[in-house]
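Worksheet: the structure to be examined is printed underneath.
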Amino acid sequence: MTGKKRRIKRMYDLLEGYFGDLGWWPARTGFEVVVGAVLTQNTAWSNVEKAIEALRRGKLMEPRVISRLESARLAELIRPAGYYRVKAERLKEVSRFLMEECGGKLWKLKKKDTDRLRARLLSVKGIGPETADSILVYALDKPVFVVDAYTKRIFSRHGLAGEKAPYDEVRSLVEENFPADTRVLNQFHALLVETGKRFCKKKKGLCGGCPLGVLS
DNA sequence: CACCAGGCAAGTA
DNA sequence: TACTTGCATGGT
């Protein structure tokens, strides 16, 4: 069972050797991480960028502003990100949450307890486990591991988890077999997503050129 | 043309 | 608890 520990570390080392330090989550502020995390739900990042750019141009990238913005107007601005009516409400929900929780100052949340913060985030409509964990690690520097579709695909493909393993199972697998270090967990998720985008597009089997090759 | 993308909530059995 | 469906744009 602890063979997995070494295999996970080997996976990390191979990916880091290939990609180097990704210094991930392209965002200018903590709040932009939150917005991006919601907008990228089941959506290509290239589409999210257009929506984020529209909000920047309108000088709207602040919790207080978004929380009060008219839904129809917000929806039009984020249209390229898809599911735009649903996501407009989600952005308002999380912005209201942030105003209430810390007056819109995300840095104030950094010293709060991770597990309780996670539970509070999950109680916001539109914030599920992946979105919550993305916010925790990329906006608040918390040592959590983000599981996404690529992570599940790659882990399952390499026999580290079941094909339909639930979110929290994969999450604990890594968190219990990897250092609780924000920087490294941040990097690991980034590496897996970049690997997925580049080498794991196919529905089945291992993919040519992948730095992971066939892990033993 | 079909399929996919850095999910989530709500409904049903 | 474990499926199923709606949500929508833009790229390959």
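Convention: chains lettered A, B, ... in structure tokens order; per-chain residue numbering from 1; ligands numbered from 1 as shown.
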Please identify all residues of chain B having at least one atom at most 12 Å from any atom of chain A, considering only C-alpha atoms (C1' of nucleotides), and return them as a PDB file with N, CA and C atoms (P, O5', C5', C4', C3', O3' and C1' of nucleotides), in the first residue's frame.
```
ATOM      1  P    DC B   3     -20.029  12.006 -30.416  1.00  0.00           P
ATOM      2  O5'  DC B   3     -18.796  12.736 -29.708  1.00  0.00           O
ATOM      3  C5'  DC B   3     -17.481  12.550 -30.219  1.00  0.00           C
ATOM      4  C4'  DC B   3     -16.543  13.542 -29.557  1.00  0.00           C
ATOM      5  C3'  DC B   3     -16.773  13.691 -28.045  1.00  0.00           C
ATOM      6  O3'  DC B   3     -15.596  13.334 -27.371  1.00  0.00           O
ATOM      7  C1'  DC B   3     -16.527  15.803 -29.110  1.00  0.00           C
ATOM      8  P    DC B   4     -15.665  13.012 -25.757  1.00  0.00           P
ATOM      9  O5'  DC B   4     -14.878  14.284 -25.201  1.00  0.00           O
ATOM     10  C5'  DC B   4     -13.616  14.600 -25.760  1.00  0.00           C
ATOM     11  C4'  DC B   4     -13.270  16.027 -25.409  1.00  0.00           C
ATOM     12  C3'  DC B   4     -13.445  16.353 -23.915  1.00  0.00           C
ATOM     13  O3'  DC B   4     -12.177  16.655 -23.364  1.00  0.00           O
ATOM     14  C1'  DC B   4     -14.306  18.084 -25.343  1.00  0.00           C
ATOM     15  P    DA B   5     -11.962  16.703 -21.740  1.00  0.00           P
ATOM     16  O5'  DA B   5     -11.783  18.276 -21.489  1.00  0.00           O
ATOM     17  C5'  DA B   5     -10.867  18.975 -22.285  1.00  0.00           C
ATOM     18  C4'  DA B   5     -11.036  20.469 -22.078  1.00  0.00           C
ATOM     19  C3'  DA B   5     -11.049  20.913 -20.611  1.00  0.00           C
ATOM     20  O3'  DA B   5     -10.313  22.120 -20.531  1.00  0.00           O
ATOM     21  C1'  DA B   5     -13.041  21.606 -21.675  1.00  0.00           C
ATOM     22  P    DG B   6      -8.938  22.296 -19.854  1.00  0.00           P
ATOM     23  O5'  DG B   6      -9.061  21.942 -18.285  1.00  0.00           O
ATOM     24  C5'  DG B   6     -10.259  21.792 -17.662  1.00  0.00           C
ATOM     25  C4'  DG B   6     -10.134  21.475 -16.185  1.00  0.00           C
ATOM     26  C3'  DG B   6     -11.123  22.329 -15.410  1.00  0.00           C
ATOM     27  O3'  DG B   6     -11.659  21.558 -14.337  1.00  0.00           O
ATOM     28  C1'  DG B   6      -8.898  22.968 -14.863  1.00  0.00           C
ATOM     29  P    DG B   7     -13.032  20.763 -14.833  1.00  0.00           P
ATOM     30  O5'  DG B   7     -14.121  21.399 -13.854  1.00  0.00           O
ATOM     31  C5'  DG B   7     -14.463  20.723 -12.644  1.00  0.00           C
ATOM     32  C4'  DG B   7     -15.495  21.573 -11.943  1.00  0.00           C
ATOM     33  C3'  DG B   7     -16.031  20.948 -10.655  1.00  0.00           C
ATOM     34  O3'  DG B   7     -16.183  22.007  -9.719  1.00  0.00           O
ATOM     35  C1'  DG B   7     -17.789  21.200 -12.244  1.00  0.00           C
ATOM     36  P    DC B   8     -16.705  21.599  -8.244  1.00  0.00           P
ATOM     37  O5'  DC B   8     -18.265  21.829  -8.366  1.00  0.00           O
ATOM     38  C5'  DC B   8     -18.738  23.127  -8.677  1.00  0.00           C
ATOM     39  C4'  DC B   8     -20.248  23.113  -8.767  1.00  0.00           C
ATOM     40  C3'  DC B   8     -20.938  22.401  -7.609  1.00  0.00           C
ATOM     41  O3'  DC B   8     -21.703  23.358  -6.897  1.00  0.00           O
ATOM     42  C1'  DC B   8     -21.860  21.781  -9.724  1.00  0.00           C
ATOM     43  P    DA B   9     -22.575  22.904  -5.636  1.00  0.00           P
ATOM     44  O5'  DA B   9     -24.027  22.799  -6.278  1.00  0.00           O
ATOM     45  C5'  DA B   9     -24.494  23.861  -7.082  1.00  0.00           C
ATOM     46  C4'  DA B   9     -25.903  23.573  -7.568  1.00  0.00           C
ATOM     47  C3'  DA B   9     -26.866  23.052  -6.497  1.00  0.00           C
ATOM     48  O3'  DA B   9     -28.126  23.624  -6.760  1.00  0.00           O
ATOM     49  C1'  DA B   9     -26.696  21.467  -8.238  1.00  0.00           C
ATOM     50  P    DA B  10     -29.347  23.508  -5.761  1.00  0.00           P
ATOM     51  O5'  DA B  10     -30.414  22.624  -6.562  1.00  0.00           O
ATOM     52  C5'  DA B  10     -30.667  22.898  -7.943  1.00  0.00           C
ATOM     53  C4'  DA B  10     -31.476  21.765  -8.536  1.00  0.00           C
ATOM     54  C3'  DA B  10     -32.469  21.122  -7.558  1.00  0.00           C
ATOM     55  O3'  DA B  10     -33.682  20.857  -8.259  1.00  0.00           O
ATOM     56  C1'  DA B  10     -31.054  19.469  -8.441  1.00  0.00           C
TER      57       DA B  10
END
```
- Got a sec to pull out which chain A residues are within 8 Å of chain C, counting only C-alpha atoms (C1' of nucleotides), and send them as a ChimeraX atom specification? /A:47,79-84,86
Write the residues you've just listed into a file as a PDB file, in the first residue's frame, and include N, CA and C atoms for each of them.
```pdb
ATOM      1  N   ASN A  47     -11.361  30.141 -22.852  1.00  0.00           N
ATOM      2  CA  ASN A  47     -12.637  30.863 -22.818  1.00  0.00           C
ATOM      3  C   ASN A  47     -12.753  31.701 -21.549  1.00  0.00           C
ATOM      4  N   ARG A  79     -20.009  35.905 -20.814  1.00  0.00           N
ATOM      5  CA  ARG A  79     -20.599  35.012 -21.819  1.00  0.00           C
ATOM      6  C   ARG A  79     -19.622  34.010 -22.421  1.00  0.00           C
ATOM      7  N   PRO A  80     -18.421  34.426 -22.829  1.00  0.00           N
ATOM      8  CA  PRO A  80     -17.505  33.487 -23.480  1.00  0.00           C
ATOM      9  C   PRO A  80     -17.137  32.304 -22.598  1.00  0.00           C
ATOM     10  N   ALA A  81     -17.301  32.418 -21.305  1.00  0.00           N
ATOM     11  CA  ALA A  81     -16.916  31.325 -20.412  1.00  0.00           C
ATOM     12  C   ALA A  81     -17.975  30.219 -20.353  1.00  0.00           C
ATOM     13  N   GLY A  82     -19.085  30.408 -21.041  1.00  0.00           N
ATOM     14  CA  GLY A  82     -20.107  29.362 -21.059  1.00  0.00           C
ATOM     15  C   GLY A  82     -20.901  29.281 -19.763  1.00  0.00           C
ATOM     16  N   TYR A  83     -22.048  28.616 -19.795  1.00  0.00           N
ATOM     17  CA  TYR A  83     -22.947  28.519 -18.623  1.00  0.00           C
ATOM     18  C   TYR A  83     -23.081  29.889 -17.976  1.00  0.00           C
ATOM     19  N   TYR A  84     -23.193  30.920 -18.786  1.00  0.00           N
ATOM     20  CA  TYR A  84     -22.976  32.269 -18.257  1.00  0.00           C
ATOM     21  C   TYR A  84     -24.043  32.732 -17.286  1.00  0.00           C
ATOM     22  N   VAL A  86     -25.744  30.752 -15.138  1.00  0.00           N
ATOM     23  CA  VAL A  86     -25.455  30.038 -13.894  1.00  0.00           C
ATOM     24  C   VAL A  86     -24.229  30.634 -13.201  1.00  0.00           C
TER      25      VAL A  86
END
```
- Task: Taking the DSSP assignment computed from this structure's backbone, write out as an NGL selection string all residues of region 49-171 of chain A that belong to alpha helix (DSSP H).
- Result: :A and (49-57 or 63-68 or 71-77 or 84-102 or 114-122 or 129-138 or 149-157 or 167-171)
- What lies within 8 Å of Leu55 (chain A) using only C-alpha atoms (C1' of nucleotides), ignoring chain neighbours under 6 positions off, as a PyMOL selection string? chain A and resi 61+77-78
With N, CA and C atoms retained, export the selected residues as a short mmCIF file (atom, residue, chain, number, x, y, z; two decimals), in the first residue's frame.
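Result went into part-v9.cif, see below:
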```
data_model
loop_
_atom_site.label_atom_id
_atom_site.label_comp_id
_atom_site.auth_asym_id
_atom_site.auth_seq_id
_atom_site.Cartn_x
_atom_site.Cartn_y
_atom_site.Cartn_z
N MET A 61 -13.35 43.86 -11.21
CA MET A 61 -12.76 42.69 -10.57
C MET A 61 -12.56 42.89 -9.07
N LEU A 77 -21.14 39.91 -19.70
CA LEU A 77 -19.69 40.12 -19.64
C LEU A 77 -18.92 38.80 -19.64
N ILE A 78 -19.48 37.80 -18.99
CA ILE A 78 -18.74 36.52 -18.86
C ILE A 78 -19.22 35.50 -19.88
#
```
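The environment of region 110-113 of chain A within 8 Å, counting only C-alpha atoms (C1' of nucleotides) and disregarding residues fewer than 2 places along the same chain, consists of Leu106, Trp107, Lys108, Asp115, Arg116, Leu117, Leu140, Asp141 and Lys142 of chain A.
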Take the residues from that selection and write them out as a PDB file, in the first residue's frame, keeping N, CA and C atoms.
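Written out: selection.pdb:
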```
ATOM      1  N   LEU A 106      -9.208  39.220   1.003  1.00  0.00           N
ATOM      2  CA  LEU A 106      -8.931  37.782   1.071  1.00  0.00           C
ATOM      3  C   LEU A 106      -7.775  37.416   1.995  1.00  0.00           C
ATOM      4  N   TRP A 107      -6.804  38.295   2.113  1.00  0.00           N
ATOM      5  CA  TRP A 107      -5.632  37.985   2.941  1.00  0.00           C
ATOM      6  C   TRP A 107      -6.034  37.713   4.393  1.00  0.00           C
ATOM      7  N   LYS A 108      -7.164  38.299   4.790  1.00  0.00           N
ATOM      8  CA  LYS A 108      -7.613  38.093   6.166  1.00  0.00           C
ATOM      9  C   LYS A 108      -8.006  36.650   6.431  1.00  0.00           C
ATOM     10  N   ASP A 115      -9.730  23.583   7.545  1.00  0.00           N
ATOM     11  CA  ASP A 115     -10.894  22.696   7.427  1.00  0.00           C
ATOM     12  C   ASP A 115     -12.202  23.454   7.594  1.00  0.00           C
ATOM     13  N   ARG A 116     -12.229  24.388   8.537  1.00  0.00           N
ATOM     14  CA  ARG A 116     -13.465  25.153   8.726  1.00  0.00           C
ATOM     15  C   ARG A 116     -13.721  26.076   7.550  1.00  0.00           C
ATOM     16  N   LEU A 117     -12.650  26.640   7.024  1.00  0.00           N
ATOM     17  CA  LEU A 117     -12.775  27.505   5.858  1.00  0.00           C
ATOM     18  C   LEU A 117     -13.308  26.712   4.669  1.00  0.00           C
ATOM     19  N   LEU A 140      -5.254  31.351  -1.075  1.00  0.00           N
ATOM     20  CA  LEU A 140      -5.028  31.500   0.367  1.00  0.00           C
ATOM     21  C   LEU A 140      -3.808  30.745   0.872  1.00  0.00           C
ATOM     22  N   ASP A 141      -3.040  30.154  -0.019  1.00  0.00           N
ATOM     23  CA  ASP A 141      -1.787  29.467   0.347  1.00  0.00           C
ATOM     24  C   ASP A 141      -1.973  28.342   1.350  1.00  0.00           C
ATOM     25  N   LYS A 142      -3.103  27.653   1.270  1.00  0.00           N
ATOM     26  CA  LYS A 142      -3.335  26.534   2.178  1.00  0.00           C
ATOM     27  C   LYS A 142      -2.799  25.238   1.562  1.00  0.00           C
TER      28      LYS A 142
END
```
- Figure out the distance between CA of Ser67 (chain A) and CA of Asn186 (chain A), please, to one decimal in Å. 28.0 Å
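Among the candidate residues A:Ser71, A:Thr29, A:Gln187, A:Asn177, the one lying nearest to Arg56 (chain A) is A:Thr29, with distances computed using only C-alpha atoms.
Picture a line from CA of Ala88 (chain A) to CA of Ala75 (chain A); it runs 5.1 Å.
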